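Asks: Would you mind keeping the following structure in view while I ask a few things?
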Amino acid sequence: MSVTLDIRLKRANKVYHEGEVVAGVILLVCKEALQHHGISLSMEGLVNLQLSSKSVGVFEAFYNSVKPIQLISSNIEVAKAGKIPGGKTEIPFEFPLNTKGNKVLYETYHGVFVNIQYTLRCDMKRPLLAKDLTRNCEFIVHCQPQKAKVVPTPVKFTITPDTLQNTRERSLLPKFLVRGHLDATNCVISQPLTGEVVVENSDVPIKSIELQLVRVETCGCAEGYARDATEIQNIQIAEGDVCHGLPIPIYMVFPRLFTCPTLETTNFKVEFEVNVVMVLHDDHLITENFPLKLCRI
């Protein structure tokens, strides 16, 4: 006998803030009356920390400290053992989004080595021969917006062979001059990163100019820290050998879930950087790096 179980939240965008109520319905659809041994609903918020393979070995002591960090956990019984009539049944529920003690609800974030996730899980226990039903539903938590106004701090940059670091043969580098600016490095997460870049001159043709958003995740404890930088997205802003002296706009929207306000706690850190990357015709990469501070207002 087929039965479907689903969790439907009242908010279409599934975004909640601390102190609000997560409300919705549990939806059961079955052709005929159904016996069950109880329906329960649980809410859980976890921070999962993972080590990159390059850091394991150095930090064997780490294994005991990288347990998931529980931010919130609560459980309610939605229905006692009994029968559900055939057809469609909706059971409403409400969960207050409050933490216990001095814990903080961090913003939902899907990273590589740090994952902050909030889920609702519905379990329906059934008689011996029938299989128990389980349904998971993720909802998104946004941290409370900060009251203070964000004052943009524009950053100007100039890239020449002399400004580069990590170069072996500086004398073999072609001559080039690239100027530009970012309108702000302390960014509001819901607004795009903007600025411009101008190629003043270059002895060799340019193949491409790209904008790379990078997450820098640090997991750690008393024994040591593992810091890993990984790419979130890469946007090409110029193709081919661009006109010299022409301002090229920089425009990047911060992707939802893969970015969050810059976060620093005792066990982990989530930070962001942006790279302006110039690819020369021989595939040489010239990169200028800018740390970003993201916040929500």
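Ligands are numbered from 1 in the order shown, chains are lettered A, B, ... in the order of the structure tokens, and residues start at 1 in each chain.
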Which residues of stretch 114-219 of chain A come within 12 Å of stretch 67-74 of chain A, and for each one, what is the closest pair of atoms and their distance in Å to one decimal, counting only C-alpha atoms, sorted by chain and residue number, as a tab-separated table?
Replies:
residue	atom	partner	partner_atom	distance
A:Val114	CA	A:Pro68	CA	10.0
A:Asn115	CA	A:Pro68	CA	9.5
A:Ile116	CA	A:Ile69	CA	9.3
A:Gln117	CA	A:Leu71	CA	9.6
A:Tyr118	CA	A:Ile72	CA	8.5
A:Thr119	CA	A:Ser73	CA	9.8
A:Leu120	CA	A:Ser74	CA	9.8
A:Arg121	CA	A:Ser74	CA	10.6
A:Val141	CA	A:Leu71	CA	11.7
A:Cys219	CA	A:Lys67	CA	11.3
Asks: Quick one: residues within 10 Å of stretch 38-43 of chain A, only C-alpha atoms, excluding same-chain residues fewer than 4 positions away - as a PyMOL selection string?
Replies: chain A and resi 7+22+26+72-83+93+95-97+118-126+133-139
Asks: What are the closest atom pairs, with distances in Å to one decimal, for all residues of stretch 151-219 of chain A lying within 7 Å of stretch 235-246 of chain A? Consider only C-alpha atoms, order rows by chain and residue number, and present the result as a Markdown table.
Replies:
| residue | atom | partner | partner_atom | distance |
| --- | --- | --- | --- | --- |
| A:Val198 | CA | A:Leu246 | CA | 5.7 |
| A:Val199 | CA | A:His244 | CA | 5.1 |
| A:Glu200 | CA | A:Gly245 | CA | 4.9 |
| A:Asn201 | CA | A:His244 | CA | 5.8 |
| A:Pro205 | CA | A:Asp241 | CA | 5.3 |
| A:Ile206 | CA | A:Asp241 | CA | 4.5 |
| A:Lys207 | CA | A:Gly240 | CA | 4.5 |
| A:Ser208 | CA | A:Glu239 | CA | 4.7 |
| A:Ile209 | CA | A:Ala238 | CA | 4.9 |
| A:Glu210 | CA | A:Gln236 | CA | 4.2 |
| A:Leu211 | CA | A:Ile235 | CA | 5.1 |
| A:Gln212 | CA | A:Ile235 | CA | 6.4 |
Asks: How many Å lie between atom CA of A:Gln146 and atom CA of A:Pro261, rounded to one decimal?
Replies: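 Answer for the atom CA of A:Gln146 to atom CA of A:Pro261 separation: 10.5 Å.
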Asks: Residues within 10 Å of A:Gln165, please, as number ranges by chain. Count only C-alpha atoms; anything in the same chain fewer than 2 positions from it doesn't count.
Replies: A: 161-163, 167-168, 170, 286-288
Asks: Could you write those residues out with N, CA and C atoms, as an mmCIF file, in the first residue's frame?
Replies:
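In the end it all went to result04.cif:
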data_model
loop_
_atom_site.group_PDB
_atom_site.id
_atom_site.type_symbol
_atom_site.label_atom_id
_atom_site.label_comp_id
_atom_site.auth_asym_id
_atom_site.auth_seq_id
_atom_site.Cartn_x
_atom_site.Cartn_y
_atom_site.Cartn_z
ATOM 1 N N PRO A 161 54.969 44.200 -13.586
ATOM 2 C CA PRO A 161 55.914 43.114 -13.251
ATOM 3 C C PRO A 161 56.588 43.346 -11.893
ATOM 4 N N ASP A 162 56.776 44.609 -11.496
ATOM 5 C CA ASP A 162 57.472 44.894 -10.224
ATOM 6 C C ASP A 162 56.603 44.618 -8.994
ATOM 7 N N THR A 163 55.277 44.685 -9.162
ATOM 8 C CA THR A 163 54.408 44.481 -8.002
ATOM 9 C C THR A 163 54.162 43.004 -7.729
ATOM 10 N N THR A 167 57.498 35.328 -8.167
ATOM 11 C CA THR A 167 58.006 35.192 -9.542
ATOM 12 C C THR A 167 59.481 34.808 -9.458
ATOM 13 N N ARG A 168 59.863 33.830 -10.327
ATOM 14 C CA ARG A 168 61.250 33.373 -10.273
ATOM 15 C C ARG A 168 62.142 34.284 -11.114
ATOM 16 N N ARG A 170 62.072 37.548 -12.807
ATOM 17 C CA ARG A 170 61.378 38.815 -13.048
ATOM 18 C C ARG A 170 61.824 39.457 -14.366
ATOM 19 N N ILE A 286 48.444 35.958 -14.033
ATOM 20 C CA ILE A 286 48.840 37.060 -13.153
ATOM 21 C C ILE A 286 47.644 37.344 -12.262
ATOM 22 N N THR A 287 47.836 37.229 -10.948
ATOM 23 C CA THR A 287 46.719 37.296 -10.011
ATOM 24 C C THR A 287 46.935 38.384 -8.963
ATOM 25 N N GLU A 288 45.885 39.155 -8.731
ATOM 26 C CA GLU A 288 45.894 40.132 -7.631
ATOM 27 C C GLU A 288 44.806 39.705 -6.650
#
Asks: Given the choices A:Leu292, A:Ile232, A:Leu105, A:Ala148, which gets closest to A:Leu193 if the distance is worked out from only C-alpha atoms?
Replies: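 Selected residue with least distance to A:Leu193: A:Leu292.
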Asks: So how far away is atom CA of A:Arg296 from atom CA of A:Gly101, in Å?
Replies: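 Pair atom CA of A:Gly101 / atom CA of A:Arg296 returns 24.3 Å.
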